[in-house]
file upload_5.pdb (PDB, C-alpha atoms, pLDDT in the B column)
ATOM      1  CA  MET T   1       9.556   8.363   1.334  1.00 92.00           C
ATOM      2  CA  ALA T   2      10.114   5.326   3.522  1.00 95.00           C
ATOM      3  CA  SER T   3      12.211   2.236   3.875  1.00 96.00           C
ATOM      4  CA  ALA T   4      10.954  -0.552   1.618  1.00 97.00           C
ATOM      5  CA  GLY T   5      12.834  -3.235   3.532  1.00 96.00           C
ATOM      6  CA  ASP T   6      14.788  -5.600   1.265  1.00 97.00           C
ATOM      7  CA  VAL T   7      12.368  -6.310  -1.607  1.00 98.00           C
ATOM      8  CA  ASN T   8      14.852  -8.300  -3.710  1.00 98.00           C
ATOM      9  CA  GLY T   9      16.612 -10.241  -0.941  1.00 97.00           C
ATOM     10  CA  ASP T  10      20.136  -9.015  -1.748  1.00 97.00           C
ATOM     11  CA  GLY T  11      20.853  -8.057   1.859  1.00 97.00           C
ATOM     12  CA  CYS T  12      20.648  -4.296   1.230  1.00 97.00           C
ATOM     13  CA  SER T  13      17.808  -2.004   2.265  1.00 97.00           C
ATOM     14  CA  ASP T  14      15.672  -0.447  -0.459  1.00 98.00           C
ATOM     15  CA  VAL T  15      13.714   2.835  -0.458  1.00 98.00           C
ATOM     16  CA  ILE T  16      10.172   3.646  -1.625  1.00 97.00           C
ATOM     17  CA  VAL T  17       9.344   7.187  -2.755  1.00 98.00           C
ATOM     18  CA  SER T  18       5.952   8.545  -3.749  1.00 96.00           C
ATOM     19  CA  ALA T  19       4.640  11.291  -6.014  1.00 97.00           C
ATOM     20  CA  ASP T  20       0.892  11.355  -5.394  1.00 97.00           C
ATOM     21  CA  LEU T  21       0.338  14.273  -7.825  1.00 97.00           C
ATOM     22  CA  TYR T  22       2.163  12.502 -10.708  1.00 98.00           C
ATOM     23  CA  ASP T  23       0.490  12.732 -14.145  1.00 98.00           C
ATOM     24  CA  ASN T  24       1.054  10.107 -16.842  1.00 97.00           C
ATOM     25  CA  GLY T  25      -2.080  10.081 -18.947  1.00 95.00           C
ATOM     26  CA  GLN T  26      -4.340  10.835 -15.971  1.00 97.00           C
ATOM     27  CA  THR T  27      -4.169  13.982 -13.848  1.00 98.00           C
ATOM     28  CA  ASN T  28      -3.015  13.330 -10.254  1.00 98.00           C
ATOM     29  CA  GLU T  29      -3.037   9.551 -10.682  1.00 98.00           C
ATOM     30  CA  GLY T  30       0.135   9.258  -8.592  1.00 98.00           C
ATOM     31  CA  ARG T  31       3.166   7.006  -8.797  1.00 98.00           C
ATOM     32  CA  ALA T  32       5.400   5.070  -6.399  1.00 98.00           C
ATOM     33  CA  TYR T  33       9.089   4.366  -7.047  1.00 98.00           C
ATOM     34  CA  VAL T  34      11.436   1.832  -5.434  1.00 98.00           C
ATOM     35  CA  TYR T  35      15.208   2.250  -5.531  1.00 98.00           C
ATOM     36  CA  HIS T  36      17.286  -0.837  -4.690  1.00 98.00           C
ATOM     37  CA  GLY T  37      20.162  -0.492  -2.269  1.00 97.00           C
ATOM     38  CA  SER T  38      23.625  -1.913  -2.854  1.00 96.00           C
ATOM     39  CA  ALA T  39      27.118  -1.759  -1.349  1.00 95.00           C
ATOM     40  CA  SER T  40      27.658   1.467  -3.319  1.00 95.00           C
ATOM     41  CA  GLY T  41      24.328   3.039  -2.248  1.00 96.00           C
ATOM     42  CA  LEU T  42      20.926   3.477  -3.869  1.00 97.00           C
ATOM     43  CA  SER T  43      20.411   2.973  -7.581  1.00 97.00           C
ATOM     44  CA  LEU T  44      20.309   6.242  -9.527  1.00 97.00           C
ATOM     45  CA  THR T  45      17.156   5.266 -11.401  1.00 98.00           C
ATOM     46  CA  ALA T  46      14.022   3.601 -10.070  1.00 98.00           C
ATOM     47  CA  ASN T  47      14.080  -0.200 -10.239  1.00 98.00           C
ATOM     48  CA  TRP T  48      10.277  -0.401  -9.943  1.00 98.00           C
ATOM     49  CA  THR T  49       7.346   1.937 -10.447  1.00 98.00           C
ATOM     50  CA  ALA T  50       3.587   1.599 -10.155  1.00 98.00           C
ATOM     51  CA  GLU T  51       0.671   3.933 -10.898  1.00 98.00           C
ATOM     52  CA  SER T  52      -3.061   3.937 -10.252  1.00 96.00           C
ATOM     53  CA  ASP T  53      -4.029   4.654 -13.874  1.00 96.00           C
ATOM     54  CA  GLN T  54      -7.007   6.603 -12.520  1.00 97.00           C
ATOM     55  CA  ALA T  55      -7.339  10.392 -12.573  1.00 98.00           C
ATOM     56  CA  GLY T  56      -7.402  11.958  -9.122  1.00 98.00           C
ATOM     57  CA  ALA T  57      -6.568   8.742  -7.205  1.00 98.00           C
ATOM     58  CA  PHE T  58      -3.460  10.229  -5.520  1.00 98.00           C
ATOM     59  CA  PHE T  59      -1.671   6.845  -5.583  1.00 98.00           C
ATOM     60  CA  GLY T  60       1.262   7.134  -3.188  1.00 97.00           C
ATOM     61  CA  VAL T  61      -0.351   9.540  -0.725  1.00 97.00           C
ATOM     62  CA  SER T  62       1.183   7.091   1.763  1.00 97.00           C
ATOM     63  CA  VAL T  63       3.845   4.399   1.252  1.00 97.00           C
ATOM     64  CA  ALA T  64       5.539   1.953   3.608  1.00 97.00           C
ATOM     65  CA  ALA T  65       7.366  -1.309   3.932  1.00 96.00           C
ATOM     66  CA  ALA T  66       4.733  -3.928   4.690  1.00 95.00           C
ATOM     67  CA  GLY T  67       7.204  -6.448   6.101  1.00 94.00           C
ATOM     68  CA  ASP T  68       7.009  -9.952   4.644  1.00 94.00           C
ATOM     69  CA  VAL T  69       3.227 -10.409   4.466  1.00 93.00           C
ATOM     70  CA  ASN T  70       3.325 -13.664   2.500  1.00 94.00           C
ATOM     71  CA  GLY T  71       6.188 -15.300   4.420  1.00 94.00           C
ATOM     72  CA  ASP T  72       8.450 -15.894   1.387  1.00 96.00           C
ATOM     73  CA  GLY T  73      11.527 -14.181   2.843  1.00 96.00           C
ATOM     74  CA  TYR T  74      11.258 -10.980   0.776  1.00 97.00           C
ATOM     75  CA  SER T  75      10.004  -7.599   1.983  1.00 97.00           C
ATOM     76  CA  ASP T  76       6.728  -6.346   0.522  1.00 97.00           C
ATOM     77  CA  VAL T  77       5.426  -2.771   0.208  1.00 97.00           C
ATOM     78  CA  ILE T  78       2.043  -1.121   0.702  1.00 97.00           C
ATOM     79  CA  VAL T  79       0.821   1.968  -1.174  1.00 98.00           C
ATOM     80  CA  GLY T  80      -2.269   4.057  -0.381  1.00 97.00           C
ATOM     81  CA  ALA T  81      -4.478   5.908  -2.890  1.00 97.00           C
ATOM     82  CA  ASP T  82      -6.944   7.764  -0.696  1.00 96.00           C
ATOM     83  CA  GLU T  83      -9.116   9.186  -3.502  1.00 97.00           C
ATOM     84  CA  PHE T  84      -9.371   5.998  -5.611  1.00 97.00           C
ATOM     85  CA  ASP T  85     -12.890   5.362  -6.971  1.00 97.00           C
ATOM     86  CA  ASN T  86     -14.286   1.874  -7.551  1.00 95.00           C
ATOM     87  CA  GLY T  87     -18.028   1.977  -7.030  1.00 94.00           C
ATOM     88  CA  GLN T  88     -17.971   4.762  -4.450  1.00 96.00           C
ATOM     89  CA  PHE T  89     -16.569   8.283  -4.887  1.00 96.00           C
ATOM     90  CA  SER T  90     -13.197   8.772  -3.146  1.00 95.00           C
ATOM     91  CA  GLU T  91     -13.483   5.531  -1.183  1.00 96.00           C
ATOM     92  CA  GLY T  92      -9.733   4.945  -1.441  1.00 96.00           C
ATOM     93  CA  ARG T  93      -7.685   1.783  -1.867  1.00 97.00           C
ATOM     94  CA  ALA T  94      -4.570   0.164  -0.386  1.00 97.00           C
ATOM     95  CA  PHE T  95      -2.274  -1.881  -2.658  1.00 97.00           C
ATOM     96  CA  VAL T  96       0.276  -4.519  -1.541  1.00 97.00           C
ATOM     97  CA  TYR T  97       3.099  -5.605  -3.860  1.00 98.00           C
ATOM     98  CA  HIS T  98       5.139  -8.723  -3.007  1.00 98.00           C
ATOM     99  CA  GLY T  99       8.920  -8.792  -3.211  1.00 98.00           C
ATOM    100  CA  SER T 100      10.957 -11.509  -4.971  1.00 98.00           C
ATOM    101  CA  ALA T 101      14.516 -12.176  -6.176  1.00 98.00           C
ATOM    102  CA  SER T 102      13.775  -9.942  -9.181  1.00 97.00           C
ATOM    103  CA  GLY T 103      12.147  -7.183  -7.072  1.00 97.00           C
ATOM    104  CA  LEU T 104       8.510  -6.178  -6.594  1.00 98.00           C
ATOM    105  CA  SER T 105       5.598  -7.651  -8.531  1.00 98.00           C
ATOM    106  CA  LEU T 106       4.427  -5.521 -11.451  1.00 97.00           C
ATOM    107  CA  THR T 107       0.783  -5.669 -10.373  1.00 98.00           C
ATOM    108  CA  ALA T 108      -0.718  -5.525  -6.902  1.00 98.00           C
ATOM    109  CA  ASN T 109      -0.977  -8.907  -5.187  1.00 97.00           C
ATOM    110  CA  TRP T 110      -3.643  -7.639  -2.796  1.00 96.00           C
ATOM    111  CA  THR T 111      -5.938  -4.623  -2.635  1.00 96.00           C
ATOM    112  CA  ALA T 112      -8.614  -3.464  -0.243  1.00 96.00           C
ATOM    113  CA  GLU T 113     -11.153  -0.625  -0.306  1.00 95.00           C
ATOM    114  CA  SER T 114     -13.532   0.972   2.150  1.00 92.00           C
ATOM    115  CA  ASP T 115     -16.668   0.501  -0.010  1.00 93.00           C
ATOM    116  CA  GLN T 116     -17.884   3.806   1.404  1.00 95.00           C
ATOM    117  CA  ALA T 117     -17.962   7.158  -0.385  1.00 95.00           C
ATOM    118  CA  SER T 118     -15.423   9.766   0.782  1.00 95.00           C
ATOM    119  CA  ALA T 119     -13.747   7.442   3.310  1.00 95.00           C
ATOM    120  CA  SER T 120     -10.213   8.077   1.948  1.00 94.00           C
ATOM    121  CA  PHE T 121      -9.132   4.478   2.666  1.00 95.00           C
ATOM    122  CA  GLY T 122      -5.355   4.251   2.332  1.00 94.00           C
ATOM    123  CA  TYR T 123      -4.777   7.769   3.635  1.00 95.00           C
ATOM    124  CA  SER T 124      -2.192   6.168   5.922  1.00 93.00           C
ATOM    125  CA  VAL T 125      -0.528   2.765   5.549  1.00 93.00           C
ATOM    126  CA  ALA T 126       2.115   0.969   7.628  1.00 91.00           C
ATOM    127  CA  SER T 127       3.495  -2.381   8.664  1.00 86.00           C
ATOM    128  CA  ALA T 128       1.825  -3.613  11.818  1.00 74.00           C
ATOM    129  CA  GLY T 129       4.586  -6.005  12.875  1.00 67.00           C
ATOM    130  CA  ALA T 130       4.452  -9.775  13.113  1.00 56.00           C
ATOM    131  CA  ALA T 131       1.062 -11.423  12.821  1.00 49.00           C
ATOM    132  CA  PRO T 132       0.274 -13.765  15.706  1.00 46.00           C
ATOM    133  CA  ALA T 133       0.070 -17.481  14.848  1.00 41.00           C
ATOM    134  CA  VAL T 134       0.668 -16.733  11.164  1.00 44.00           C
ATOM    135  CA  ARG T 135       3.943 -16.715   9.291  1.00 46.00           C
ATOM    136  CA  GLY T 136       4.370 -13.227   7.872  1.00 45.00           C
ATOM    137  CA  GLN T 137       3.823  -9.586   8.752  1.00 47.00           C
ATOM    138  CA  ALA T 138       0.571  -7.798   9.326  1.00 48.00           C
ATOM    139  CA  ILE T 139      -0.310  -4.507   7.663  1.00 52.00           C
ATOM    140  CA  ARG T 140      -2.221  -1.447   8.814  1.00 52.00           C
ATOM    141  CA  HIS T 141      -4.266   0.881   6.702  1.00 49.00           C
ATOM    142  CA  GLY T 142      -6.276   3.878   7.725  1.00 50.00           C
ATOM    143  CA  VAL T 143      -9.573   5.388   6.723  1.00 49.00           C
ATOM    144  CA  GLN T 144      -9.582   9.156   7.156  1.00 53.00           C
ATOM    145  CA  ARG T 145     -13.379   9.595   7.280  1.00 50.00           C
ATOM    146  CA  HIS T 146     -15.822   6.828   8.151  1.00 48.00           C
ATOM    147  CA  GLY T 147     -19.596   6.880   8.325  1.00 50.00           C
ATOM    148  CA  ALA T 148     -22.302   9.484   8.011  1.00 47.00           C
ATOM    149  CA  GLY T 149     -21.332  13.071   8.690  1.00 50.00           C
ATOM    150  CA  ASP T 150     -17.617  12.396   8.103  1.00 49.00           C
ATOM    151  CA  ARG T 151     -17.046  10.882  11.559  1.00 46.00           C
ATOM    152  CA  PRO T 152     -13.370  10.379  12.452  1.00 46.00           C
ATOM    153  CA  GLY T 153     -11.621   7.511  10.725  1.00 49.00           C
ATOM    154  CA  VAL T 154     -10.745   3.976  11.666  1.00 47.00           C
ATOM    155  CA  GLN T 155      -7.591   1.920  11.470  1.00 49.00           C
ATOM    156  CA  HIS T 156      -7.600  -1.772  10.513  1.00 49.00           C
ATOM    157  CA  ARG T 157      -4.935  -4.399  11.146  1.00 49.00           C
ATOM    158  CA  ARG T 158      -4.842  -7.296   8.691  1.00 49.00           C
ATOM    159  CA  ALA T 159      -2.921 -10.474   9.381  1.00 46.00           C
ATOM    160  CA  GLY T 160      -0.404 -11.676   6.810  1.00 49.00           C
ATOM    161  CA  GLY T 161       0.530 -15.159   5.714  1.00 47.00           C
ATOM    162  CA  ARG T 162       1.253 -17.246   2.646  1.00 45.00           C
ATOM    163  CA  ALA T 163      -2.264 -17.075   1.186  1.00 44.00           C
ATOM    164  CA  ALA T 164      -3.886 -13.762   0.263  1.00 42.00           C
ATOM    165  CA  ALA T 165      -7.108 -15.139   1.746  1.00 38.00           C
ATOM    166  CA  ARG T 166      -5.507 -14.716   5.173  1.00 42.00           C
ATOM    167  CA  TYR T 167      -5.744 -10.943   4.878  1.00 43.00           C
ATOM    168  CA  ARG T 168      -8.618 -10.140   7.206  1.00 43.00           C
ATOM    169  CA  SER T 169      -9.302  -7.446   9.728  1.00 42.00           C
ATOM    170  CA  THR T 170      -8.251  -8.665  13.142  1.00 40.00           C
ATOM    171  CA  TRP T 171      -9.073  -5.428  14.923  1.00 40.00           C
ATOM    172  CA  CYS T 172     -10.303  -1.968  14.237  1.00 39.00           C
ATOM    173  CA  LEU T 173      -9.690   1.312  16.107  1.00 41.00           C
ATOM    174  CA  ARG T 174     -12.133   4.193  16.021  1.00 39.00           C
ATOM    175  CA  ASP T 175     -11.404   7.723  17.198  1.00 39.00           C
TER     176      ASP T 175
END
call {"tool": "encode", "arguments": {"input": "upload_5.pdb", "output": "structure tokens"}}
result
Amino acid sequence: MASAGDVNGDGCSDVIVSADLYDNGQTNEGRAYVYHGSASGLSLTANWTAESDQAGAFFGVSVAAAGDVNGDGYSDVIVGADEFDNGQFSEGRAFVYHGSASGLSLTANWTAESDQASASFGYSVASAGAAPAVRGQAIRHGVQRHGAGDRPGVQHRRAGGRAAARYRSTWCLRD
């Protein structure tokens, strides 16, 4: 669970909750839920949900507010699925969903993967604060294992901005 920022721009903070072992047609696909805040508190039912639709992806192993990565004035969220497969076994994936007046987008506006087997990309995700010289927030996503012999992971920082093409690694930390 984490703050989602204000994804619908109503002036109240929202909350993102994850269930990475959630099953809905696929075992352990995972699901993330966002509850909108209001003057009377959080909504009693989720206002938004998303799933990986892939068995064993563990979507929601990490969740966070991403800040306003596209500079439109609404908070965005980032969700990690560290065992997601797309060409490589358990490479992992991070998903960013943009906020709007009606809430979060129904499909991911941006995704990234490690393109390396067993890297567990998305094991940890977070906002990285304001991106220099770019309107919008930056995001961070971690890779639990990187390289031959399961060397310690890396952490990437990607700059935000209005165009998704601006998402690029600006630095990388290695243990």
call {"tool": "residues_around", "arguments": {"input": "upload_5.pdb", "residues": "T:Ser38", "least_positions_apart": "2", "cutoff": "9 Å", "atoms": "only C-alpha atoms", "output": "PyMOL selection string"}}
result
chain T and resi 10-14+36+40-43
call {"tool": "resolve_selection", "arguments": {"input": "upload_5.pdb", "expression": "the PyMOL selection byres ((chain T and resi 49-51) around 6)", "output": "PyMOL selection string"}}
result
chain T and resi 30-33+48+52-53
call {"tool": "closest_residue", "arguments": {"input": "upload_5.pdb", "among": "T:Phe89, T:Phe84, T:Tyr74, T:Tyr35", "to": "T:Gly9", "atoms": "all atoms listed in the file"}}
result
T:Tyr74
call {"tool": "resolve_selection", "arguments": {"input": "upload_5.pdb", "expression": "the PyMOL selection byres ((chain T and resi 120) around 6)", "output": "ChimeraX atom specification"}}
result
/T:82-83,90-92,118-119,121,123,143-144
call {"tool": "atom_distance", "arguments": {"input": "upload_5.pdb", "atom1": "atom CA of T:Leu21", "atom2": "atom CA of T:Ala81"}}
result
10.8 Å
call {"tool": "atom_distance", "arguments": {"input": "upload_5.pdb", "atom1": "atom CA of T:Asn28", "atom2": "atom CA of T:Ser124"}}
result
17.7 Å
call {"tool": "closest_residue", "arguments": {"input": "upload_5.pdb", "among": "T:Ala66, T:Leu44, T:Val61, T:Ala128", "to": "T:Ala19", "atoms": "only C-alpha atoms"}}
result
T:Val61
call {"tool": "atom_distance", "arguments": {"input": "upload_5.pdb", "atom1": "atom CA of T:Gly87", "atom2": "atom CA of T:Ser62"}}
result
21.7 Å
call {"tool": "resolve_selection", "arguments": {"input": "upload_5.pdb", "expression": "the PyMOL selection byres ((chain T and resi 107) around 12)", "output": "number ranges by chain"}}
result
T: 48-53, 77, 79, 95-99, 103-106, 108-111
call {"tool": "write_last_selection", "arguments": {"input": "upload_5.pdb", "atoms": "C-alpha atoms", "output": "PDB file, keeping the file's coordinate frame"}}
result
ATOM      1  CA  TRP T  48      10.277  -0.401  -9.943  1.00 98.00           C
ATOM      2  CA  THR T  49       7.346   1.937 -10.447  1.00 98.00           C
ATOM      3  CA  ALA T  50       3.587   1.599 -10.155  1.00 98.00           C
ATOM      4  CA  GLU T  51       0.671   3.933 -10.898  1.00 98.00           C
ATOM      5  CA  SER T  52      -3.061   3.937 -10.252  1.00 96.00           C
ATOM      6  CA  ASP T  53      -4.029   4.654 -13.874  1.00 96.00           C
ATOM      7  CA  VAL T  77       5.426  -2.771   0.208  1.00 97.00           C
ATOM      8  CA  VAL T  79       0.821   1.968  -1.174  1.00 98.00           C
ATOM      9  CA  PHE T  95      -2.274  -1.881  -2.658  1.00 97.00           C
ATOM     10  CA  VAL T  96       0.276  -4.519  -1.541  1.00 97.00           C
ATOM     11  CA  TYR T  97       3.099  -5.605  -3.860  1.00 98.00           C
ATOM     12  CA  HIS T  98       5.139  -8.723  -3.007  1.00 98.00           C
ATOM     13  CA  GLY T  99       8.920  -8.792  -3.211  1.00 98.00           C
ATOM     14  CA  GLY T 103      12.147  -7.183  -7.072  1.00 97.00           C
ATOM     15  CA  LEU T 104       8.510  -6.178  -6.594  1.00 98.00           C
ATOM     16  CA  SER T 105       5.598  -7.651  -8.531  1.00 98.00           C
ATOM     17  CA  LEU T 106       4.427  -5.521 -11.451  1.00 97.00           C
ATOM     18  CA  ALA T 108      -0.718  -5.525  -6.902  1.00 98.00           C
ATOM     19  CA  ASN T 109      -0.977  -8.907  -5.187  1.00 97.00           C
ATOM     20  CA  TRP T 110      -3.643  -7.639  -2.796  1.00 96.00           C
ATOM     21  CA  THR T 111      -5.938  -4.623  -2.635  1.00 96.00           C
TER      22      THR T 111
END
call {"tool": "closest_residue", "arguments": {"input": "upload_5.pdb", "among": "T:Ser100, T:Tyr22, T:Ser3, T:Gln54", "to": "T:Val34", "atoms": "only C-alpha atoms"}}
result
T:Ser3
